[in-house]
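Colleague: One file: final20.csv (CSV, C-alpha atoms).
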```
chain,number,residue,atom,x,y,z
A,213,MET,CA,106.6,95.0,89.8
A,214,VAL,CA,105.5,97.3,92.6
A,215,ILE,CA,103.9,100.7,92.8
A,216,GLY,CA,106.0,103.6,93.8
A,217,GLY,CA,109.7,104.1,93.9
A,218,GLY,CA,112.6,104.0,96.3
A,219,GLY,CA,111.8,100.3,96.9
A,220,GLY,CA,113.8,98.8,94.1
A,221,ALA,CA,114.3,95.1,93.8
A,222,ALA,CA,114.3,94.5,97.5
A,223,ALA,CA,110.8,96.0,97.8
A,224,ALA,CA,109.6,94.2,94.6
A,225,ILE,CA,110.3,90.8,96.1
A,226,SER,CA,108.9,91.5,99.6
A,227,SER,CA,105.6,90.0,100.5
A,228,CYS,CA,104.8,90.8,104.1
A,229,CYS,CA,101.2,91.8,104.8
A,230,GLY,CA,100.4,94.4,107.4
A,231,SER,CA,97.4,94.2,109.7
A,232,PRO,CA,94.3,96.3,109.0
A,233,VAL,CA,94.5,99.9,110.0
A,234,ILE,CA,91.6,101.8,111.5
A,235,VAL,CA,91.4,105.1,109.8
A,236,PRO,CA,89.9,108.4,111.2
A,237,PRO,CA,86.9,110.1,109.5
A,238,LEU,CA,87.4,112.9,107.0
A,239,PRO,CA,87.9,116.1,108.9
A,240,LEU,CA,85.0,118.5,108.9
A,241,PHE,CA,85.1,122.2,108.3
A,242,LYS,CA,84.7,123.5,111.8
A,243,SER,CA,86.0,127.1,111.6
A,244,SER,CA,85.6,130.1,109.5
A,245,SER,CA,89.3,130.5,108.7
A,246,SER,CA,90.3,131.5,105.2
A,247,SER,CA,91.6,128.0,104.5
A,248,THR,CA,88.4,126.5,105.7
A,249,ILE,CA,86.3,128.7,103.5
A,250,LEU,CA,88.5,127.9,100.5
A,251,ALA,CA,88.1,124.2,101.1
A,252,ALA,CA,84.4,124.6,101.5
A,253,ALA,CA,84.2,126.6,98.3
A,254,GLN,CA,86.1,124.0,96.4
A,255,LEU,CA,83.7,121.3,97.6
A,256,GLN,CA,80.7,123.4,96.9
A,257,GLN,CA,81.8,124.0,93.3
A,258,PHE,CA,82.1,120.4,92.3
A,259,ILE,CA,79.1,119.2,94.3
A,260,GLY,CA,77.0,122.1,92.8
A,261,CYS,CA,77.5,120.9,89.2
A,262,ALA,CA,74.3,119.6,87.6
A,263,HIS,CA,76.1,116.3,87.0
A,264,TRP,CA,76.2,115.9,90.8
A,265,ARG,CA,72.7,116.7,91.8
A,266,GLY,CA,71.5,113.1,92.2
A,267,ARG,CA,74.8,112.0,93.7
A,268,LYS,CA,74.9,114.7,96.4
A,269,ARG,CA,71.5,113.7,97.7
A,270,ARG,CA,72.7,110.1,98.1
A,271,ALA,CA,75.8,111.5,99.8
A,272,GLY,CA,73.6,113.2,102.4
A,273,ILE,CA,74.4,116.8,101.4
A,274,SER,CA,71.2,118.8,101.4
A,275,ARG,CA,71.8,122.5,100.8
A,276,PHE,CA,74.3,125.3,100.5
A,277,GLY,CA,74.8,128.7,102.0
A,278,THR,CA,76.7,131.7,100.7
A,279,GLY,CA,79.7,131.1,102.9
A,280,LEU,CA,80.4,127.7,104.4
A,281,LEU,CA,78.6,124.6,103.3
A,282,HIS,CA,75.7,123.5,105.4
A,283,TYR,CA,75.5,119.8,106.2
A,284,GLN,CA,72.4,117.9,107.2
A,285,PRO,CA,73.5,115.4,108.4
A,286,PRO,CA,77.2,116.2,108.6
A,287,ILE,CA,79.5,114.5,106.1
A,288,THR,CA,80.9,111.3,107.6
A,289,TYR,CA,83.7,109.1,106.5
A,290,ASN,CA,81.3,106.9,104.5
A,291,ALA,CA,79.7,109.9,102.9
A,292,ALA,CA,83.2,111.2,101.9
A,293,LEU,CA,83.9,107.8,100.3
A,294,THR,CA,80.6,108.0,98.5
A,295,ILE,CA,81.7,111.3,96.9
A,296,ASN,CA,85.0,109.9,96.0
A,297,ASN,CA,83.6,106.6,94.6
A,298,SER,CA,80.9,108.3,92.6
A,299,LEU,CA,83.5,110.0,90.5
A,300,GLU,CA,86.0,107.1,90.2
A,301,LEU,CA,86.8,106.5,86.6
A,302,GLU,CA,86.5,103.1,84.9
A,303,LEU,CA,89.6,101.5,83.4
A,304,ASN,CA,87.9,101.3,80.0
A,305,GLU,CA,87.0,105.0,80.2
A,306,ILE,CA,90.6,105.9,80.7
A,307,LYS,CA,91.8,103.5,78.0
A,308,ASP,CA,89.2,104.6,75.4
A,309,ASN,CA,89.8,108.3,75.9
A,310,SER,CA,93.6,108.3,76.2
A,311,LYS,CA,95.7,110.2,73.7
A,312,LYS,CA,99.2,109.7,72.2
A,313,TRP,CA,102.1,112.2,72.0
A,314,ASP,CA,105.2,111.6,70.1
A,315,TRP,CA,108.3,112.3,72.2
A,316,ARG,CA,111.7,111.8,70.6
A,317,GLY,CA,110.3,109.0,68.4
A,318,HIS,CA,108.5,107.3,71.2
A,319,SER,CA,104.7,107.1,71.8
A,320,ILE,CA,103.7,108.6,75.1
A,321,ASN,CA,100.2,107.8,76.5
A,322,TYR,CA,98.3,110.5,78.3
A,323,PHE,CA,94.8,111.3,79.5
A,324,LEU,CA,93.0,114.7,79.5
A,325,GLN,CA,89.9,115.7,81.3
A,326,HIS,CA,88.6,119.2,81.2
A,327,SER,CA,86.7,120.9,84.0
A,328,PRO,CA,83.0,121.3,83.3
A,329,GLN,CA,83.2,124.8,84.8
A,330,GLN,CA,85.7,126.0,82.3
A,331,GLN,CA,87.9,127.8,84.8
A,332,GLN,CA,90.4,129.1,82.4
A,333,GLN,CA,92.4,131.1,85.0
A,334,ARG,CA,93.1,128.1,87.2
A,335,PRO,CA,96.3,126.2,86.4
A,336,PRO,CA,96.0,122.8,84.9
A,337,LEU,CA,97.2,119.8,86.9
A,338,LEU,CA,99.6,117.1,85.6
A,339,LEU,CA,99.5,113.7,87.5
A,340,VAL,CA,102.7,111.6,87.4
A,341,HIS,CA,102.6,108.0,88.7
A,342,GLY,CA,105.3,106.0,90.5
A,343,PHE,CA,107.3,102.8,89.7
A,344,GLY,CA,105.1,100.0,88.2
A,345,ALA,CA,102.0,102.2,88.1
A,346,SER,CA,100.3,104.2,85.3
A,347,ILE,CA,97.4,106.6,84.6
A,348,PRO,CA,94.7,104.4,86.1
A,349,HIS,CA,96.4,104.6,89.4
A,350,TRP,CA,94.8,108.1,89.5
A,351,ARG,CA,91.3,106.8,88.8
A,352,ARG,CA,90.1,107.9,92.2
A,353,ASN,CA,91.4,111.4,91.9
A,354,ILE,CA,90.9,112.6,88.3
A,355,GLY,CA,87.1,112.9,88.6
A,356,ILE,CA,87.1,115.1,91.7
A,357,LEU,CA,90.1,117.2,90.6
A,358,SER,CA,88.6,117.8,87.2
A,359,GLN,CA,85.5,119.3,88.6
A,360,SER,CA,87.5,122.5,89.1
A,361,TYR,CA,90.7,122.0,87.2
A,362,THR,CA,91.8,120.7,83.8
A,363,VAL,CA,93.6,117.5,84.6
A,364,TYR,CA,96.4,115.7,82.6
A,365,ALA,CA,97.8,112.4,83.6
A,366,ILE,CA,100.8,110.8,81.8
A,367,ASP,CA,102.3,107.3,81.5
A,368,LEU,CA,106.1,107.8,81.8
A,369,LEU,CA,108.2,106.1,79.1
A,370,GLY,CA,108.6,102.4,80.1
A,371,PHE,CA,105.2,102.3,82.0
A,372,GLY,CA,101.5,101.9,81.3
A,373,ALA,CA,100.5,102.3,77.6
A,374,SER,CA,103.6,104.3,76.7
A,375,ASP,CA,106.4,102.7,74.7
A,376,LYS,CA,108.9,100.4,76.3
A,377,PRO,CA,111.7,100.5,73.8
A,378,ALA,CA,114.2,97.6,73.7
A,379,GLY,CA,117.6,98.2,75.1
A,380,PHE,CA,116.7,101.6,76.5
A,381,THR,CA,118.4,103.1,79.5
A,382,TYR,CA,116.0,104.7,81.9
A,383,THR,CA,117.0,107.6,84.2
A,384,MET,CA,115.3,110.1,86.5
A,385,GLU,CA,116.7,112.9,84.4
A,386,LEU,CA,115.1,111.4,81.3
A,387,TRP,CA,111.6,111.3,82.9
A,388,ALA,CA,112.0,114.9,84.2
A,389,GLN,CA,112.8,116.1,80.7
A,390,LEU,CA,109.8,114.2,79.3
A,391,ILE,CA,107.6,116.1,81.8
A,392,LEU,CA,109.1,119.5,80.8
A,393,ASP,CA,108.7,118.8,77.1
A,394,PHE,CA,105.1,117.7,77.7
A,395,LEU,CA,104.4,121.0,79.4
A,396,THR,CA,106.0,122.9,76.5
A,397,GLU,CA,104.4,121.0,73.7
A,398,VAL,CA,101.1,119.7,75.0
A,399,VAL,CA,99.8,121.7,78.0
A,400,ARG,CA,101.4,125.0,77.1
A,401,LYS,CA,100.3,126.7,80.3
A,402,PRO,CA,101.8,127.1,83.8
A,403,THR,CA,100.9,123.8,85.5
A,404,VAL,CA,100.8,122.2,88.9
A,405,LEU,CA,102.8,119.0,89.0
A,406,ILE,CA,101.5,116.2,91.2
A,407,GLY,CA,103.6,113.1,91.6
A,408,ASN,CA,103.8,109.9,93.7
A,409,SER,CA,107.1,108.3,94.7
A,410,VAL,CA,109.5,108.3,91.8
A,411,GLY,CA,106.9,110.4,90.0
A,412,SER,CA,107.4,112.9,92.7
A,413,LEU,CA,111.1,112.9,92.3
A,414,ALA,CA,110.8,113.3,88.5
A,415,CYS,CA,108.6,116.4,89.3
A,416,VAL,CA,111.1,117.8,91.7
A,417,ILE,CA,113.9,117.5,89.1
A,418,ALA,CA,111.6,119.1,86.5
A,419,ALA,CA,110.6,121.9,88.8
A,420,SER,CA,114.3,122.6,89.7
A,421,GLU,CA,115.3,122.7,86.0
A,422,SER,CA,112.3,124.6,84.6
A,423,THR,CA,113.3,128.0,83.2
A,424,ASN,CA,110.2,129.0,81.2
A,425,GLY,CA,107.7,129.5,84.1
A,426,LEU,CA,105.6,126.5,83.1
A,427,VAL,CA,105.7,124.9,86.6
A,428,ARG,CA,103.2,126.8,88.8
A,429,GLY,CA,103.2,124.5,91.9
A,430,LEU,CA,104.5,121.2,93.1
A,431,VAL,CA,102.6,118.4,95.1
A,432,LEU,CA,104.7,115.5,96.4
A,433,LEU,CA,103.1,112.3,97.6
A,434,ASN,CA,105.6,110.2,99.6
A,435,CYS,CA,108.5,111.4,97.4
A,436,ALA,CA,111.2,108.8,96.6
A,437,GLY,CA,114.9,109.5,97.4
A,438,GLY,CA,116.0,108.0,94.1
A,439,MET,CA,115.0,105.7,91.2
A,440,ASN,CA,116.0,102.8,93.4
A,441,ASN,CA,117.2,102.1,96.9
A,442,LYS,CA,120.9,102.6,96.0
A,443,ALA,CA,120.2,106.3,96.6
A,444,VAL,CA,119.6,105.9,100.3
A,445,VAL,CA,123.0,105.1,101.7
A,446,ASP,CA,122.6,106.6,105.2
A,447,ASP,CA,119.8,104.3,106.4
A,448,TRP,CA,120.9,101.4,108.5
A,449,ARG,CA,118.2,99.2,107.0
A,450,ILE,CA,119.5,99.8,103.5
A,451,LYS,CA,123.1,99.3,104.7
A,452,LEU,CA,122.1,95.9,105.9
A,453,LEU,CA,120.5,95.1,102.6
A,454,LEU,CA,123.3,96.5,100.4
A,455,PRO,CA,125.0,93.1,99.8
A,456,LEU,CA,121.6,91.6,98.8
A,457,LEU,CA,120.9,94.6,96.5
A,458,TRP,CA,124.2,94.2,94.8
A,459,LEU,CA,123.5,90.4,94.4
A,460,ILE,CA,120.1,91.2,92.9
A,461,ASP,CA,121.6,93.7,90.5
A,462,PHE,CA,124.0,91.1,89.3
A,463,LEU,CA,121.3,88.5,88.9
A,464,LEU,CA,119.0,90.8,87.1
A,465,LYS,CA,121.7,91.6,84.5
A,466,GLN,CA,121.5,87.9,83.6
A,467,ARG,CA,118.6,87.7,81.1
A,468,GLY,CA,117.4,84.2,82.0
A,469,ILE,CA,117.5,84.8,85.7
A,470,ALA,CA,115.9,88.3,85.4
A,471,SER,CA,113.0,86.7,83.4
A,472,VAL,CA,112.4,84.1,86.1
A,473,ILE,CA,112.4,86.8,88.8
A,474,PHE,CA,110.1,89.1,86.9
A,475,GLU,CA,107.6,86.4,86.0
A,476,ARG,CA,107.4,85.5,89.7
A,477,VAL,CA,107.0,89.1,90.8
A,478,LYS,CA,104.1,89.9,88.4
A,479,GLN,CA,102.0,86.9,89.5
A,480,ARG,CA,98.7,88.1,90.7
A,481,GLU,CA,98.9,86.8,94.2
A,482,ASN,CA,102.5,88.2,94.6
A,483,LEU,CA,101.4,91.6,93.4
A,484,ARG,CA,98.4,91.5,95.8
A,485,ASN,CA,100.8,90.7,98.7
A,486,ILE,CA,103.2,93.5,97.7
A,487,LEU,CA,100.3,96.0,97.5
A,488,LEU,CA,98.9,94.9,100.9
A,489,SER,CA,102.3,95.5,102.4
A,490,VAL,CA,102.5,99.2,101.1
A,491,TYR,CA,98.9,100.2,101.6
A,492,GLY,CA,97.6,101.3,105.0
A,493,ASN,CA,94.0,100.9,103.9
A,494,LYS,CA,93.8,97.2,102.9
A,495,GLU,CA,90.3,97.6,101.4
A,496,ALA,CA,91.8,99.7,98.7
A,497,VAL,CA,93.8,96.7,97.4
A,498,ASP,CA,91.2,95.2,95.1
A,499,GLU,CA,91.3,93.2,91.9
A,500,ILE,CA,91.2,96.4,89.8
A,501,LEU,CA,94.3,97.7,91.5
A,502,VAL,CA,96.1,94.4,90.9
A,503,GLU,CA,95.1,94.5,87.2
A,504,ILE,CA,96.4,98.1,86.9
A,505,ILE,CA,99.8,96.9,87.9
A,506,LYS,CA,99.8,93.5,86.2
A,507,ALA,CA,98.5,94.4,82.7
A,508,PRO,CA,101.4,96.7,81.6
A,509,ALA,CA,103.9,94.2,83.0
A,510,GLU,CA,102.8,91.8,80.3
A,511,ASP,CA,103.9,94.2,77.5
A,512,GLU,CA,106.9,93.6,75.4
A,513,GLY,CA,109.8,95.6,76.8
A,514,ALA,CA,108.4,95.6,80.4
A,515,LEU,CA,111.1,93.2,81.6
A,516,GLU,CA,113.9,95.4,80.2
A,517,ALA,CA,112.3,98.5,81.8
A,518,PHE,CA,112.1,96.7,85.1
A,519,VAL,CA,115.8,95.7,85.0
A,520,SER,CA,117.0,99.0,83.8
A,521,ILE,CA,115.2,100.9,86.5
A,522,VAL,CA,116.1,98.6,89.4
A,523,THR,CA,119.8,98.3,88.4
A,524,GLY,CA,120.4,101.8,87.0
A,525,PRO,CA,121.8,104.9,88.7
A,526,PRO,CA,119.5,106.4,91.4
A,527,GLY,CA,119.6,109.9,89.9
A,528,PRO,CA,119.7,113.3,91.5
A,529,ASN,CA,119.1,113.6,95.3
A,530,PRO,CA,116.1,115.6,96.4
A,531,VAL,CA,118.1,117.0,99.3
A,532,LYS,CA,120.2,119.1,96.8
A,533,LEU,CA,117.2,120.1,94.6
A,534,MET,CA,114.5,121.2,97.0
A,535,PRO,CA,116.2,124.4,98.2
A,536,LYS,CA,116.4,125.5,94.6
A,537,ILE,CA,112.6,125.5,94.1
A,538,SER,CA,110.8,128.7,95.0
A,539,ILE,CA,107.2,127.9,93.8
A,540,PRO,CA,104.5,126.7,96.3
A,541,ILE,CA,105.0,123.1,97.4
A,542,LEU,CA,102.6,120.8,99.2
A,543,VAL,CA,104.1,117.6,100.7
A,544,LEU,CA,101.7,114.8,101.8
A,545,TRP,CA,103.2,111.8,103.5
A,546,GLY,CA,101.5,108.5,104.6
A,547,ASP,CA,102.9,107.5,108.0
A,548,GLN,CA,102.6,103.8,107.2
A,549,ASP,CA,105.0,103.8,104.2
A,550,PRO,CA,107.5,101.0,104.4
A,551,PHE,CA,109.5,102.3,101.4
A,552,THR,CA,110.1,105.8,102.4
A,553,PRO,CA,109.2,105.8,106.2
A,554,LEU,CA,109.0,109.0,108.1
A,555,ASP,CA,111.8,107.8,110.4
A,556,GLY,CA,114.1,107.1,107.4
A,557,PRO,CA,116.5,109.6,105.9
A,558,VAL,CA,114.1,110.7,103.1
A,559,GLY,CA,111.2,111.0,105.4
A,560,ARG,CA,113.2,112.9,108.1
A,561,TYR,CA,114.5,115.3,105.5
A,562,PHE,CA,111.1,116.2,104.1
A,563,SER,CA,109.7,116.5,107.7
A,564,SER,CA,112.4,119.1,108.4
A,565,LEU,CA,111.6,121.3,105.4
A,566,PRO,CA,108.6,123.4,106.7
A,567,SER,CA,111.0,125.1,109.1
A,568,GLN,CA,113.5,125.7,106.3
A,569,LEU,CA,111.4,126.6,103.2
A,570,PRO,CA,108.6,129.1,103.7
A,571,ASN,CA,107.0,128.0,100.4
A,572,LEU,CA,106.5,124.4,101.6
A,573,THR,CA,103.5,122.9,103.5
A,574,LEU,CA,103.7,119.4,104.9
A,575,SER,CA,100.8,117.2,106.1
A,576,VAL,CA,101.3,113.7,107.5
A,577,LEU,CA,98.4,111.3,106.8
A,578,GLU,CA,97.8,108.8,109.6
A,579,GLY,CA,97.2,105.2,108.7
A,580,VAL,CA,98.2,105.8,105.0
A,581,GLY,CA,100.9,104.0,103.1
A,582,HIS,CA,103.2,104.7,100.1
A,583,CYS,CA,100.5,105.7,97.6
A,584,PRO,CA,98.2,108.2,99.5
A,585,HIS,CA,96.2,109.3,96.5
A,586,ASP,CA,94.9,105.7,96.0
A,587,ASP,CA,95.2,104.5,99.6
A,588,ARG,CA,93.0,107.2,101.1
A,589,PRO,CA,92.0,109.6,98.3
A,590,ASP,CA,89.5,111.4,100.6
A,591,LEU,CA,92.3,112.5,103.0
A,592,VAL,CA,94.4,113.6,100.1
A,593,HIS,CA,91.6,115.7,98.5
A,594,ALA,CA,90.9,117.3,101.9
A,595,LYS,CA,94.4,118.7,102.0
A,596,LEU,CA,95.0,119.1,98.3
A,597,LEU,CA,91.9,121.1,97.2
A,598,PRO,CA,92.3,123.9,99.8
A,599,TRP,CA,96.0,124.2,99.0
A,600,LEU,CA,95.2,124.4,95.2
A,601,ALA,CA,92.7,127.2,95.9
A,602,THR,CA,95.4,129.3,97.5
A,603,LEU,CA,97.5,129.4,94.3
A,604,PRO,CA,97.4,132.7,92.3
A,605,VAL,CA,95.3,132.6,89.2
A,606,SER,CA,96.9,133.5,85.9
```
Represent the structure of the file as structure tokens.

Modeller:
Amino acid sequence: MVIGGGGGAAAAISSCCGSPVIVPPLPLFKSSSSSTILAAAQLQQFIGCAHWRGRKRRAGISRFGTGLLHYQPPITYNAALTINNSLELELNEIKDNSKKWDWRGHSINYFLQHSPQQQQQRPPLLLVHGFGASIPHWRRNIGILSQSYTVYAIDLLGFGASDKPAGFTYTMELWAQLILDFLTEVVRKPTVLIGNSVGSLACVIAASESTNGLVRGLVLLNCAGGMNNKAVVDDWRIKLLLPLLWLIDFLLKQRGIASVIFERVKQRENLRNILLSVYGNKEAVDEILVEIIKAPAEDEGALEAFVSIVTGPPGPNPVKLMPKISIPILVLWGDQDPFTPLDGPVGRYFSSLPSQLPNLTLSVLEGVGHCPHDDRPDLVHAKLLPWLATLPVS
């Protein structure tokens, strides 16, 4: 099992480890532009909460002005990490406070955290994980985002603590419909969808099919080109691997062989090596992350979900869907992603979109891998919070 999508079986059995990456410090607010003021205002709001008063002193943030924040001393990379880490959720906290929603006879697990500021006019956020991941993969984001926004996070059917029904056929279209139904039945407000990898693609499909105005904005973190690598047919690397992918598909459809492969993939050391190969920031690959991926893989039905997703149809192509979406879109892309690299067909396509779609903003994150929100949450928040602040209130 491996976080993210577009990697399929070939990615799941890879185990190469990259070398450590030196990452730049969190950018400071250096100008008085509107985007800078919005970013500073967002930071001021969540630091200003009473819940934060002790923590902001430890982070080195001393006082506030009426416009930009005043720093004494300036926020450094370590201080930014202190802010992020101080709001990181514990796994037990997520588990104990999760809720259940019945969808077509299946139990879907989700997590809800309200903003202490009760900003009713701001759109809620829905976080959608990638392949092999689940709600706790957002543990480094929910705390900060929920200081200003109501945050939902969901386990897609087949993942996390959601049902993994026997004999079920998983598709991208199914997950997109699950998202739309969740917005209609649970959230019931125009919402910003934030997805990683195949979660991003599910959000793209949902946004392109939404007809009731419940999708307010779209944030894509290293969006996948399909549910598996069979979607990417014009990349020479995939063309070389196609015979191997076909062989893996054939083997995975043999129950005994699939079980052996799956048992090997989900071994703790193998998972750690896979994660190290897709994260730019190797320090983010800790025992907690390994457990986040490993625990749901032990559930009944996890093997069937793995086989169905890896061997199934790749689903709709984002190239055909993105031009249909008129809502604001933010694309964040880690430049060290081995699954959907910037120089691959999916990365090149999304890199070309800012010149084609006026509603789309793209930021490339240096030294970051396939899961930017967990790899370098500080860099993601520095781009995401100012963008969210530009969205119209309801």

Colleague: Could you tell me how far atom CA of Thr573 of chain A sits from atom CA of Val605 of chain A, in Å to one decimal place?

Modeller: 19.1 Å

Colleague: May I ask which of the residues A:Leu432, A:Leu464, A:Val519, A:Val416 is the closest one to Gly559 of chain A, counting all atoms listed in the file?

Modeller: A:Leu432

Colleague: Mind dumping a table of every segment 479-526 of chain A residue within 8 Å of segment 541-555 of chain A, with the nearest atom pair and its distance in Å to one decimal, using only C-alpha atoms, sorted by chain and rising number, as a tab-separated table?

Modeller:
```
residue	atom	partner	partner_atom	distance
A:Ser489	CA	A:Pro550	CA	7.8
A:Val490	CA	A:Asp549	CA	6.1
A:Tyr491	CA	A:Asp549	CA	7.5
A:Gly492	CA	A:Gln548	CA	6.0
```

Colleague: Could the residues in this selection be written to a file with C-alpha atoms, as a PDB file, in the coordinates of the input?

Modeller:
```
ATOM      1  CA  SER A 489     102.300  95.500 102.400  1.00  0.00           C
ATOM      2  CA  VAL A 490     102.500  99.200 101.100  1.00  0.00           C
ATOM      3  CA  TYR A 491      98.900 100.200 101.600  1.00  0.00           C
ATOM      4  CA  GLY A 492      97.600 101.300 105.000  1.00  0.00           C
TER       5      GLY A 492
END
```

Colleague: Return the single residue from A:Glu300, A:Glu578, A:Asp498, A:Glu512 that is closest to Ala373 of chain A, with distances computed using only C-alpha atoms.

Modeller: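 With only C-alpha atoms as the atom set, the closest residue is A:Glu512.
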
Colleague: Using all atoms listed in the file, which of the listed residues (A:Pro402, A:Gly556, A:Gly317, A:Gly437) sits closest to Lys532 of chain A?

Modeller: A:Gly437

Colleague: Is it possible to add N, CA and C atoms to segment 381-396 of chain A and hand it back as a compact mmCIF listing (two decimals), in the coordinates of the input?

Modeller:
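Just written: part01.txt:
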```txt
# COMPACT_ATOMS: atom_id res chain seq x y z
N THR A 381 117.93 102.78 78.20
CA THR A 381 118.40 103.10 79.50
C THR A 381 117.57 104.16 80.17
N TYR A 382 116.87 103.80 81.23
CA TYR A 382 116.00 104.70 81.90
C TYR A 382 116.70 105.48 83.01
N THR A 383 116.42 106.77 83.12
CA THR A 383 117.00 107.60 84.20
C THR A 383 115.97 108.57 84.70
N MET A 384 116.19 109.07 85.90
CA MET A 384 115.30 110.10 86.50
C MET A 384 115.36 111.36 85.63
N GLU A 385 116.55 111.71 85.16
CA GLU A 385 116.70 112.90 84.40
C GLU A 385 115.89 112.84 83.06
N LEU A 386 115.83 111.64 82.48
CA LEU A 386 115.10 111.40 81.30
C LEU A 386 113.58 111.70 81.50
N TRP A 387 113.04 111.13 82.59
CA TRP A 387 111.60 111.30 82.90
C TRP A 387 111.33 112.81 83.20
N ALA A 388 112.24 113.48 83.88
CA ALA A 388 112.00 114.90 84.20
C ALA A 388 111.99 115.71 82.88
N GLN A 389 112.85 115.39 81.93
CA GLN A 389 112.80 116.10 80.70
C GLN A 389 111.56 115.81 79.88
N LEU A 390 111.08 114.57 79.96
CA LEU A 390 109.80 114.20 79.30
C LEU A 390 108.69 115.11 79.86
N ILE A 391 108.66 115.28 81.19
CA ILE A 391 107.60 116.10 81.80
C ILE A 391 107.74 117.56 81.32
N LEU A 392 108.95 118.10 81.30
CA LEU A 392 109.10 119.50 80.80
C LEU A 392 108.71 119.65 79.39
N ASP A 393 109.07 118.69 78.54
CA ASP A 393 108.70 118.80 77.10
C ASP A 393 107.18 118.63 76.96
N PHE A 394 106.55 117.81 77.80
CA PHE A 394 105.10 117.70 77.70
C PHE A 394 104.41 119.00 78.09
N LEU A 395 104.92 119.69 79.09
CA LEU A 395 104.40 121.00 79.40
C LEU A 395 104.53 121.98 78.29
N THR A 396 105.68 121.94 77.63
CA THR A 396 106.00 122.90 76.50
C THR A 396 105.15 122.59 75.30
```
